[in-house]
>>> print(open('query_1.txt').read())   # compact mmCIF, C-alpha atoms
# COMPACT_ATOMS: atom_id res chain seq x y z
CA MET T 1 113.65 67.34 67.76
CA ILE T 2 111.35 70.33 68.27
CA GLU T 3 111.45 70.42 72.04
CA HIS T 4 115.24 70.75 71.99
CA LYS T 5 115.10 74.01 70.02
CA PRO T 6 115.00 76.59 72.82
CA TYR T 7 113.66 79.44 70.64
CA ALA T 8 111.20 77.49 68.47
CA SER T 9 107.99 79.06 69.81
CA LEU T 10 109.38 82.58 69.40
CA HIS T 11 109.21 82.19 65.62
CA VAL T 12 105.40 82.48 65.87
CA ALA T 13 104.65 86.18 65.24
CA ASP T 14 101.40 86.33 67.24
CA PHE T 15 103.10 84.61 70.15
CA ARG T 16 105.71 87.37 70.22
CA LEU T 17 102.91 89.97 70.40
CA TYR T 18 101.23 87.89 73.10
CA LEU T 19 104.44 87.84 75.14
CA LEU T 20 104.97 91.61 74.79
CA ALA T 21 101.38 92.29 75.82
CA ARG T 22 101.70 90.03 78.86
CA MET T 23 104.99 91.69 79.76
CA CYS T 24 103.42 95.16 79.83
CA PHE T 25 100.32 93.90 81.63
CA THR T 26 102.39 92.06 84.27
CA MET T 27 104.76 94.97 84.79
CA ALA T 28 101.78 97.23 85.40
CA MET T 29 100.15 94.84 87.87
CA GLN T 30 103.37 94.21 89.78
CA MET T 31 104.12 97.93 89.98
CA GLN T 32 100.60 98.52 91.23
CA GLY T 33 101.06 95.84 93.90
CA VAL T 34 104.17 97.59 95.30
CA ILE T 35 102.57 101.03 95.21
CA VAL T 36 99.27 99.94 96.78
CA GLY T 37 101.02 97.89 99.46
CA TRP T 38 103.27 100.74 100.54
CA GLN T 39 100.46 103.30 100.33
CA VAL T 40 98.07 101.21 102.44
CA TYR T 41 100.70 100.37 105.06
CA GLU T 42 101.66 104.03 105.35
CA PHE T 43 98.00 104.88 105.97
CA THR T 44 97.29 102.13 108.48
CA LYS T 45 100.60 100.92 110.00
CA ASP T 46 98.85 97.55 110.34
CA PRO T 47 100.10 94.30 108.68
CA PHE T 48 96.52 93.01 108.72
CA SER T 49 95.53 95.78 106.28
CA LEU T 50 97.97 94.28 103.76
CA GLY T 51 96.18 90.96 104.05
CA LEU T 52 92.89 92.69 103.32
CA ILE T 53 94.28 93.85 99.97
CA GLY T 54 94.59 90.22 98.92
CA LEU T 55 91.20 89.28 100.30
CA SER T 56 89.47 92.19 98.55
CA GLU T 57 90.70 90.82 95.21
CA ALA T 58 90.29 87.11 95.97
CA ILE T 59 86.59 87.15 96.92
CA PRO T 60 85.26 88.66 93.65
CA PHE T 61 87.84 86.74 91.64
CA ILE T 62 86.75 83.37 93.03
CA THR T 63 83.09 84.32 92.75
CA ILE T 64 83.30 85.16 89.04
CA SER T 65 86.02 82.77 87.82
CA PHE T 66 83.83 79.77 87.00
CA TYR T 67 81.57 81.95 84.89
CA GLY T 68 84.65 83.57 83.33
CA GLY T 69 86.00 80.14 82.41
CA HIS T 70 82.67 79.11 80.89
CA THR T 71 82.58 82.38 78.92
CA ALA T 72 86.12 81.76 77.59
CA ASP T 73 84.86 78.48 76.10
CA VAL T 74 81.80 79.97 74.38
CA VAL T 75 83.04 83.45 73.36
CA GLU T 76 86.05 84.17 71.17
CA ARG T 77 88.92 84.65 73.64
CA LYS T 78 90.25 87.90 72.18
CA LYS T 79 86.80 89.47 72.57
CA LEU T 80 87.12 88.86 76.31
CA ILE T 81 90.75 89.88 76.71
CA ILE T 82 90.38 93.37 75.22
CA PRO T 83 87.43 94.70 77.28
CA PHE T 84 88.52 93.23 80.58
CA THR T 85 92.12 94.35 80.16
CA SER T 86 90.61 97.77 79.49
CA LEU T 87 88.76 97.45 82.81
CA TYR T 88 92.15 96.94 84.48
CA LEU T 89 93.25 100.17 82.78
CA ALA T 90 90.20 102.01 84.15
CA CYS T 91 91.04 100.78 87.66
CA ALA T 92 94.63 102.01 87.32
CA MET T 93 93.30 105.40 86.26
CA CYS T 94 91.06 105.50 89.35
CA LEU T 95 93.97 104.77 91.69
CA LEU T 96 95.90 107.56 89.99
CA PHE T 97 92.93 109.93 90.34
CA PHE T 98 92.66 109.22 94.08
CA THR T 99 96.21 110.48 94.63
CA PHE T 100 95.76 113.92 93.11
CA PRO T 101 96.02 116.59 95.83
CA PHE T 102 92.70 118.20 94.88
CA VAL T 103 90.87 114.86 95.31
CA HIS T 104 89.98 114.14 98.93
CA VAL T 105 88.77 110.57 98.55
CA LEU T 106 91.41 109.11 100.83
CA ASN T 107 91.45 110.33 104.41
CA HIS T 108 93.89 109.19 107.08
CA GLN T 109 93.47 105.42 107.65
CA ASN T 110 90.56 105.38 105.23
CA VAL T 111 91.65 103.05 102.45
CA LEU T 112 88.20 101.64 101.59
CA PRO T 113 88.21 103.20 98.06
CA ILE T 114 91.47 101.39 97.32
CA TYR T 115 89.99 98.08 98.44
CA ILE T 116 86.95 98.69 96.20
CA ILE T 117 89.14 99.30 93.14
CA ILE T 118 91.20 96.19 93.91
CA ALA T 119 87.94 94.22 94.16
CA ILE T 120 86.98 95.41 90.66
CA THR T 121 90.35 94.21 89.34
CA GLY T 122 89.45 90.83 90.86
CA ILE T 123 86.33 90.73 88.68
CA ALA T 124 88.36 91.65 85.59
CA ARG T 125 90.93 89.00 86.43
CA GLY T 126 88.20 86.37 86.66
CA PHE T 127 87.59 86.84 82.92
CA VAL T 128 91.12 87.71 81.75
CA ALA T 129 92.96 84.80 83.38
CA PRO T 130 91.07 81.89 81.72
CA ALA T 131 90.80 83.74 78.40
CA VAL T 132 94.54 84.47 78.22
CA SER T 133 95.41 80.92 79.25
CA ALA T 134 93.08 79.43 76.62
CA PHE T 135 94.25 81.88 73.95
CA PHE T 136 97.83 80.62 74.41
CA SER T 137 96.83 77.17 73.13
CA GLN T 138 95.36 78.72 69.97
CA ILE T 139 98.48 80.76 69.23
CA VAL T 140 101.20 78.19 69.92
CA PRO T 141 101.29 74.85 68.01
CA ARG T 142 100.75 71.85 70.27
CA GLU T 143 104.23 70.43 69.66
CA LEU T 144 105.68 73.69 71.03
CA TYR T 145 103.60 73.86 74.21
CA SER T 146 106.44 72.99 76.58
CA ASN T 147 108.80 75.47 74.95
CA GLY T 148 106.12 78.15 74.74
CA ILE T 149 105.19 77.70 78.40
CA ALA T 150 108.84 78.11 79.40
CA TRP T 151 109.15 81.38 77.43
CA ASN T 152 105.77 82.57 78.64
CA SER T 153 106.98 82.00 82.20
CA ASN T 154 110.33 83.69 81.46
CA VAL T 155 108.67 86.80 80.06
CA TRP T 156 106.15 86.94 82.90
CA HIS T 157 108.89 86.71 85.49
CA THR T 158 111.07 89.26 83.67
CA ALA T 159 108.17 91.69 83.85
CA ALA T 160 107.60 90.72 87.46
CA VAL T 161 111.23 91.62 88.21
CA ALA T 162 111.13 94.92 86.37
CA GLY T 163 107.69 95.96 87.62
CA PRO T 164 108.30 96.03 91.38
CA ALA T 165 111.81 97.45 91.00
CA ILE T 166 110.67 100.26 88.69
CA GLY T 167 107.55 100.90 90.76
CA GLY T 168 109.52 101.18 93.98
CA LEU T 169 112.16 103.43 92.42
CA ILE T 170 109.61 105.76 90.83
CA TYR T 171 107.60 105.92 94.06
CA GLY T 172 110.72 106.52 96.16
CA PHE T 173 112.35 109.17 93.99
CA ALA T 174 109.48 110.79 92.05
CA GLY T 175 106.38 110.17 94.13
CA ILE T 176 103.13 108.28 93.95
CA ILE T 177 101.52 110.20 91.05
CA PRO T 178 104.32 109.40 88.53
CA ALA T 179 104.30 105.81 89.79
CA TYR T 180 100.58 105.30 89.18
CA SER T 181 100.87 107.18 85.85
CA THR T 182 103.46 104.63 84.68
CA VAL T 183 101.11 101.79 85.68
CA ALA T 184 98.31 103.27 83.58
CA ALA T 185 100.61 103.85 80.58
CA LEU T 186 101.86 100.24 80.61
CA MET T 187 98.32 98.90 80.89
CA MET T 188 97.29 100.98 77.88
CA VAL T 189 100.18 99.56 75.84
CA ALA T 190 99.09 96.04 76.83
CA VAL T 191 95.56 96.68 75.55
CA ILE T 192 96.95 97.95 72.23
CA LEU T 193 99.31 94.97 71.79
CA PHE T 194 96.55 92.44 72.55
CA SER T 195 94.38 94.16 69.91
CA PHE T 196 97.07 93.53 67.25
CA ILE T 197 96.90 89.75 67.70
CA LYS T 198 94.70 87.98 65.18
CA GLY T 199 91.48 86.64 66.63
CA ARG T 200 90.91 82.89 66.51
CA PRO T 201 87.55 81.10 66.21
CA LEU T 202 86.64 78.83 69.09
CA PRO T 203 87.70 75.18 68.72
CA PRO T 204 84.88 72.73 67.91
CA SER T 205 83.10 71.42 70.96
CA GLU T 206 80.37 69.05 71.97
CA LYS T 207 76.97 70.66 72.54
CA ILE T 208 76.48 71.82 76.14
CA ASP T 209 72.86 71.99 77.29
CA SER T 210 73.27 74.58 80.05
CA MET T 211 75.76 76.86 81.72
CA PHE T 212 75.54 74.72 84.87
CA GLU T 213 76.51 71.64 82.90
CA SER T 214 79.37 73.57 81.33
CA LEU T 215 80.72 74.64 84.72
CA THR T 216 80.38 71.23 86.35
CA ALA T 217 82.02 69.51 83.36
CA GLY T 218 85.22 71.46 83.99
CA LEU T 219 85.18 70.57 87.68
CA ARG T 220 84.55 66.88 86.98
CA PHE T 221 87.41 66.79 84.49
CA VAL T 222 89.93 68.23 86.96
CA PHE T 223 88.79 66.25 90.02
CA ARG T 224 88.86 62.95 88.13
CA ASN T 225 92.45 63.52 86.95
CA GLN T 226 94.76 62.64 89.85
CA VAL T 227 97.88 64.15 88.30
CA MET T 228 96.21 67.47 87.47
CA LEU T 229 94.36 67.71 90.78
CA GLY T 230 97.49 66.76 92.73
CA SER T 231 99.72 69.34 91.04
CA LEU T 232 97.12 72.10 91.46
CA SER T 233 96.46 71.26 95.11
CA LEU T 234 100.14 71.05 95.97
CA ASP T 235 100.90 74.44 94.46
CA MET T 236 97.81 76.01 96.01
CA LEU T 237 98.64 74.90 99.55
CA ALA T 238 102.33 75.75 99.21
CA VAL T 239 101.54 79.27 97.99
CA LEU T 240 98.75 79.69 100.56
CA PHE T 241 101.03 79.06 103.53
CA GLY T 242 104.52 79.69 102.20
CA GLY T 243 104.32 83.09 100.54
CA ALA T 244 105.89 86.02 102.40
CA VAL T 245 105.31 88.58 99.62
CA ALA T 246 102.30 90.23 101.27
CA MET T 247 104.38 91.07 104.34
CA LEU T 248 107.32 92.54 102.44
CA PRO T 249 106.24 96.16 103.10
CA VAL T 250 106.56 95.44 106.83
CA PHE T 251 109.97 93.79 106.44
CA ALA T 252 111.15 96.66 104.24
CA LYS T 253 109.87 99.46 106.47
CA ASP T 254 110.24 98.13 110.02
CA ILE T 255 112.90 95.39 109.98
CA LEU T 256 115.32 96.05 107.12
CA LYS T 257 114.74 99.84 106.98
CA ALA T 258 114.93 99.74 103.18
CA GLY T 259 112.20 102.22 102.13
CA PRO T 260 109.99 101.91 99.03
CA GLU T 261 113.08 101.53 96.82
CA GLY T 262 114.18 98.52 98.85
CA LEU T 263 110.65 97.13 98.80
CA GLY T 264 110.68 97.24 95.00
CA ILE T 265 113.94 95.27 94.92
CA MET T 266 112.61 92.77 97.45
CA ARG T 267 109.44 92.25 95.42
CA ALA T 268 111.54 91.77 92.29
CA ALA T 269 114.02 89.27 93.78
CA PRO T 270 111.80 86.13 93.63
CA PHE T 271 110.95 86.89 90.02
CA ALA T 272 114.64 87.33 89.17
CA GLY T 273 115.23 83.85 90.54
CA SER T 274 112.34 82.56 88.45
CA ILE T 275 113.90 84.04 85.31
CA VAL T 276 117.20 82.26 85.94
CA MET T 277 115.44 78.95 86.46
CA GLY T 278 113.09 79.57 83.52
CA LEU T 279 115.99 80.13 81.13
CA PHE T 280 117.61 76.92 82.36
CA ILE T 281 114.35 74.98 81.89
CA ALA T 282 113.89 76.40 78.36
CA HIS T 283 117.15 74.68 77.42
CA ARG T 284 116.85 71.60 79.64
CA PRO T 285 113.19 70.92 80.48
CA PRO T 286 112.81 68.77 83.65
CA MET T 287 110.14 66.49 82.21
CA ASN T 288 111.52 62.97 82.80
CA ARG T 289 111.27 63.23 86.62
CA ALA T 290 108.67 65.98 86.72
CA GLY T 291 106.90 64.75 89.87
CA LYS T 292 110.05 64.45 91.98
CA ASN T 293 111.34 67.78 90.66
CA VAL T 294 108.14 69.54 91.78
CA LEU T 295 108.31 68.05 95.28
CA LEU T 296 112.00 68.84 95.80
CA SER T 297 111.63 72.38 94.50
CA LEU T 298 108.78 73.14 96.92
CA VAL T 299 110.83 71.83 99.85
CA GLY T 300 113.56 74.26 98.79
CA PHE T 301 110.94 77.03 98.61
CA GLY T 302 109.86 76.34 102.20
CA VAL T 303 113.43 76.28 103.54
CA ALA T 304 114.31 79.58 101.80
CA THR T 305 111.14 81.17 103.22
CA ILE T 306 112.09 80.18 106.78
CA LEU T 307 115.63 81.52 106.39
CA PHE T 308 114.28 84.79 104.97
CA ALA T 309 112.13 85.28 108.06
CA LEU T 310 115.24 84.93 110.24
CA SER T 311 117.46 87.25 108.18
CA ARG T 312 118.27 90.77 109.35
CA ASN T 313 120.64 91.60 106.49
CA PHE T 314 119.12 93.27 103.45
CA TYR T 315 121.39 91.57 100.91
CA LEU T 316 120.98 88.12 102.46
CA SER T 317 117.21 88.66 102.44
CA ILE T 318 117.35 89.54 98.74
CA PHE T 319 119.31 86.36 98.00
CA LEU T 320 116.87 84.18 99.93
CA LEU T 321 113.91 85.76 98.12
CA PHE T 322 115.80 85.08 94.87
CA LEU T 323 115.99 81.40 95.86
CA THR T 324 112.25 81.22 96.52
CA GLY T 325 111.74 82.27 92.90
CA VAL T 326 114.25 79.70 91.62
CA PHE T 327 112.43 76.87 93.37
CA ASP T 328 108.91 78.13 92.65
CA ASN T 329 109.33 78.36 88.87
CA VAL T 330 110.11 74.65 88.53
CA SER T 331 106.62 73.92 89.85
CA VAL T 332 105.03 76.69 87.75
CA ILE T 333 106.39 75.41 84.42
CA ILE T 334 105.69 71.74 85.13
CA ARG T 335 102.14 72.52 86.27
CA GLY T 336 101.56 74.67 83.18
CA THR T 337 102.77 71.86 80.92
CA ILE T 338 100.47 69.36 82.67
CA LEU T 339 97.47 71.63 82.08
CA GLN T 340 98.23 72.27 78.42
CA LEU T 341 98.95 68.60 77.59
CA LEU T 342 96.01 67.04 79.42
CA THR T 343 93.22 69.58 78.77
CA PRO T 344 90.92 69.14 75.73
CA ASP T 345 90.77 72.22 73.50
CA HIS T 346 87.07 72.85 74.07
CA MET T 347 87.54 72.92 77.89
CA ARG T 348 90.61 75.16 78.19
CA GLY T 349 88.69 78.18 79.45
CA ARG T 350 86.99 76.27 82.26
CA VAL T 351 90.12 74.37 83.28
CA GLY T 352 92.10 77.62 83.09
CA ALA T 353 89.57 79.21 85.46
CA ILE T 354 89.94 76.33 87.92
CA ASN T 355 93.72 76.66 87.70
CA SER T 356 93.40 80.38 88.39
CA ILE T 357 91.22 79.72 91.43
CA PHE T 358 93.60 77.09 92.79
CA ILE T 359 96.79 79.05 92.15
CA GLY T 360 95.95 82.69 91.50
CA SER T 361 93.53 83.18 94.35
CA SER T 362 95.84 81.32 96.73
CA ASN T 363 98.22 84.28 96.42
CA GLU T 364 95.53 86.69 97.60
CA ILE T 365 94.07 84.36 100.23
CA GLY T 366 97.63 83.57 101.26
CA ALA T 367 98.17 87.30 101.70
CA PHE T 368 95.14 87.41 104.00
CA GLU T 369 96.45 84.37 105.89
CA SER T 370 99.85 86.04 106.22
CA GLY T 371 98.31 89.26 107.51
CA THR T 372 96.11 87.41 110.01
CA ALA T 373 98.98 85.19 111.21
CA ALA T 374 101.28 88.20 111.55
CA LYS T 375 98.66 90.00 113.66
CA PHE T 376 98.22 87.12 116.11
CA MET T 377 101.58 85.30 115.99
CA GLY T 378 103.93 88.14 115.18
CA LEU T 379 105.57 88.87 111.83
CA VAL T 380 108.63 86.60 111.94
CA PRO T 381 106.94 83.56 113.61
CA SER T 382 104.11 83.74 111.07
CA VAL T 383 106.50 83.54 108.09
CA ILE T 384 108.47 80.70 109.73
CA PHE T 385 105.18 78.88 110.30
CA GLY T 386 104.24 79.32 106.63
CA GLY T 387 107.55 77.94 105.36
CA ALA T 388 107.33 74.96 107.73
CA MET T 389 103.76 74.22 106.60
CA THR T 390 104.94 74.17 102.98
CA ILE T 391 107.48 71.47 103.82
CA VAL T 392 104.89 69.45 105.74
CA ILE T 393 102.45 69.66 102.80
CA VAL T 394 105.11 68.40 100.38
CA VAL T 395 105.99 65.45 102.62
CA VAL T 396 102.32 64.45 103.01
CA THR T 397 101.73 64.80 99.24
CA ALA T 398 104.77 62.64 98.42
CA TRP T 399 103.37 59.98 100.76
CA LYS T 400 99.72 60.14 99.72
CA ALA T 401 100.08 60.77 95.94
CA PRO T 402 102.51 58.25 94.43
CA THR T 403 101.13 58.89 90.92
CA LEU T 404 102.25 62.50 91.12
CA ARG T 405 105.57 61.56 92.70
CA LYS T 406 106.35 59.17 89.83
CA LEU T 407 105.08 61.50 87.08
CA SER T 408 107.07 61.73 83.85
CA LEU T 409 105.78 64.30 81.35
CA ARG T 410 108.10 62.90 78.72
CA GLU T 411 106.04 59.71 78.73
CA ILE T 412 102.81 61.71 78.32
CA GLN T 413 104.32 63.63 75.39
CA SER T 414 105.39 60.36 73.76
CA ARG T 415 101.90 58.88 74.10
CA GLN T 416 100.46 61.98 72.41
CA GLY T 417 102.96 61.72 69.55
CA ILE T 418 104.90 64.86 70.53
CA THR T 419 108.52 64.16 69.67
>>> encode(input="query_1.txt", output="structure tokens")
Amino acid sequence: MIEHKPYASLHVADFRLYLLARMCFTMAMQMQGVIVGWQVYEFTKDPFSLGLIGLSEAIPFITISFYGGHTADVVERKKLIIPFTSLYLACAMCLLFFTFPFVHVLNHQNVLPIYIIIAITGIARGFVAPAVSAFFSQIVPRELYSNGIAWNSNVWHTAAVAGPAIGGLIYGFAGIIPAYSTVAALMMVAVILFSFIKGRPLPPSEKIDSMFESLTAGLRFVFRNQVMLGSLSLDMLAVLFGGAVAMLPVFAKDILKAGPEGLGIMRAAPFAGSIVMGLFIAHRPPMNRAGKNVLLSLVGFGVATILFALSRNFYLSIFLLFLTGVFDNVSVIIRGTILQLLTPDHMRGRVGAINSIFIGSSNEIGAFESGTAAKFMGLVPSVIFGGAMTIVIVVVTAWKAPTLRKLSLREIQSRQGIT
């Protein structure tokens, strides 16, 4: 049967290009996250400033995402991916330009230009995220969605491991200019690889009278689907409260004394865990008890987050961050499969935008929440609080959403004739 062939989707040539492009793009963004985080914290010495990085991206991203999703359903997806990925490249070049010694844009504790550039990347992401998500469904045959999602997740997490580690090492040993130069080079390669993928015409769709109707149709579809809404909400709240990534520069610099090199390894550890779990899922997809698997994995994520906050040993901290990635990727792959199986082709851009708002922006808003909580509660108590809230959210969801708890994606696949 097709779903038992772990490498089936990799036989699609355009999907291989898609994966390579996403790998370069993700490596660049993760490297940039490490570099910007360390740079801003060195300027300000304030954990709250790290939260503002997330907020500066989240506000424009949320503002533009619904329109970006609508656009991805009325404009050929490749024609959106290329220009807005190029905008990411322009932002990376600006961050590099700011660091040149003859450019005096950044003064001591004046990081406003960095926040402005990050805000522009939020606008770009509002168009790229739904377009890339919708483009996936045009490249990969429907019967290979589950397998393709697993490999898409594996490649993304591989890049997310390599990106922070490489970024931290280059920053630590060679300096900030070579680090930002590498980010720009990888982003340029991503643009080139995306351009090599064949464009696809939009799938046929019912006539939509107005943009407002288009936007509200996507919202109605998601909010009327209990399984989709439940999985999105659960992930959003867990990431919003449970993520400790935004505070890693503080842990690395002030608690574990690990430097930018150690920060890169710490940022990479959750993604390394996600790779291990992703490879396992590619061979043994957890679809029969998908709902229970999601709930249990997020409890594990919360417990690992709490233990990380209490750790004072660098290697134990790395292991606990690794575990957060192991548990998180179960939810990521199951949620991705739910979206691809239940979303009509002509609505993928809008539903992808809603998914990005629920999940993607929760990382940035979660970063702001983490920075605010750390400022008023203290660093360690704030992370413990976040992990505990994740566990509470899972328990309440398991009680209030029995449909999600009993979900079996294998049954959905069978009803759709996917063998």
>>> closest_residue(input="query_1.txt", among="T:Phe327, T:Phe102, T:Phe308, T:Trp156", to="Gln30 of chain T", atoms="all atoms listed in the file")
T:Trp156
>>> closest_residue(input="query_1.txt", among="T:Gly33, T:Gly230, T:Pro130, T:Pro47", to="Val380 of chain T", atoms="only C-alpha atoms")
T:Pro47
>>> residues_around(input="query_1.txt", residues="segment 6-15 of chain T", least_positions_apart="5", cutoff="12 Å", atoms="all atoms listed in the file", output="PyMOL selection string")
chain T and resi 1+20-22+132+135-152+155+193-200+278-285
>>> write_last_selection(input="query_1.txt", atoms="C-alpha atoms", output="PDB file, in the frame of the given file")
ATOM      1  CA  MET T   1     113.650  67.340  67.760  1.00  0.00           C
ATOM      2  CA  LEU T  20     104.970  91.610  74.790  1.00  0.00           C
ATOM      3  CA  ALA T  21     101.380  92.290  75.820  1.00  0.00           C
ATOM      4  CA  ARG T  22     101.700  90.030  78.860  1.00  0.00           C
ATOM      5  CA  VAL T 132      94.540  84.470  78.220  1.00  0.00           C
ATOM      6  CA  PHE T 135      94.250  81.880  73.950  1.00  0.00           C
ATOM      7  CA  PHE T 136      97.830  80.620  74.410  1.00  0.00           C
ATOM      8  CA  SER T 137      96.830  77.170  73.130  1.00  0.00           C
ATOM      9  CA  GLN T 138      95.360  78.720  69.970  1.00  0.00           C
ATOM     10  CA  ILE T 139      98.480  80.760  69.230  1.00  0.00           C
ATOM     11  CA  VAL T 140     101.200  78.190  69.920  1.00  0.00           C
ATOM     12  CA  PRO T 141     101.290  74.850  68.010  1.00  0.00           C
ATOM     13  CA  ARG T 142     100.750  71.850  70.270  1.00  0.00           C
ATOM     14  CA  GLU T 143     104.230  70.430  69.660  1.00  0.00           C
ATOM     15  CA  LEU T 144     105.680  73.690  71.030  1.00  0.00           C
ATOM     16  CA  TYR T 145     103.600  73.860  74.210  1.00  0.00           C
ATOM     17  CA  SER T 146     106.440  72.990  76.580  1.00  0.00           C
ATOM     18  CA  ASN T 147     108.800  75.470  74.950  1.00  0.00           C
ATOM     19  CA  GLY T 148     106.120  78.150  74.740  1.00  0.00           C
ATOM     20  CA  ILE T 149     105.190  77.700  78.400  1.00  0.00           C
ATOM     21  CA  ALA T 150     108.840  78.110  79.400  1.00  0.00           C
ATOM     22  CA  TRP T 151     109.150  81.380  77.430  1.00  0.00           C
ATOM     23  CA  ASN T 152     105.770  82.570  78.640  1.00  0.00           C
ATOM     24  CA  VAL T 155     108.670  86.800  80.060  1.00  0.00           C
ATOM     25  CA  LEU T 193      99.310  94.970  71.790  1.00  0.00           C
ATOM     26  CA  PHE T 194      96.550  92.440  72.550  1.00  0.00           C
ATOM     27  CA  SER T 195      94.380  94.160  69.910  1.00  0.00           C
ATOM     28  CA  PHE T 196      97.070  93.530  67.250  1.00  0.00           C
ATOM     29  CA  ILE T 197      96.900  89.750  67.700  1.00  0.00           C
ATOM     30  CA  LYS T 198      94.700  87.980  65.180  1.00  0.00           C
ATOM     31  CA  GLY T 199      91.480  86.640  66.630  1.00  0.00           C
ATOM     32  CA  ARG T 200      90.910  82.890  66.510  1.00  0.00           C
ATOM     33  CA  GLY T 278     113.090  79.570  83.520  1.00  0.00           C
ATOM     34  CA  LEU T 279     115.990  80.130  81.130  1.00  0.00           C
ATOM     35  CA  PHE T 280     117.610  76.920  82.360  1.00  0.00           C
ATOM     36  CA  ILE T 281     114.350  74.980  81.890  1.00  0.00           C
ATOM     37  CA  ALA T 282     113.890  76.400  78.360  1.00  0.00           C
ATOM     38  CA  HIS T 283     117.150  74.680  77.420  1.00  0.00           C
ATOM     39  CA  ARG T 284     116.850  71.600  79.640  1.00  0.00           C
ATOM     40  CA  PRO T 285     113.190  70.920  80.480  1.00  0.00           C
TER      41      PRO T 285
END
>>> atom_distance(input="query_1.txt", atom1="atom CA of Gly168 of chain T", atom2="atom CA of Gly259 of chain T")
8.6 Å
>>> atom_distance(input="query_1.txt", atom1="atom CA of Phe97 of chain T", atom2="atom CA of Val128 of chain T")
23.9 Å
>>> closest_residue(input="query_1.txt", among="T:Glu261, T:Glu57, T:Asp235, T:Asp73", to="Asn355 of chain T", atoms="only C-alpha atoms")
T:Asp235
>>> residues_around(input="query_1.txt", residues="Pro249 of chain T", least_positions_apart="2", cutoff="7 Å", atoms="all atoms listed in the file", output="list in words")
Gly37, Trp38, Met247, Phe251, Ala252, Lys253 and Leu263 of chain T
>>> closest_residue(input="query_1.txt", among="T:Leu52, T:Leu316, T:Val40, T:Ala290", to="Thr403 of chain T", atoms="only C-alpha atoms")
T:Ala290
>>> residues_around(input="query_1.txt", residues="Val351 of chain T", least_positions_apart="2", cutoff="8 Å", atoms="all atoms listed in the file", output="PyMOL selection string")
chain T and resi 69+130+218-219+222+339+343+347-349+353-355
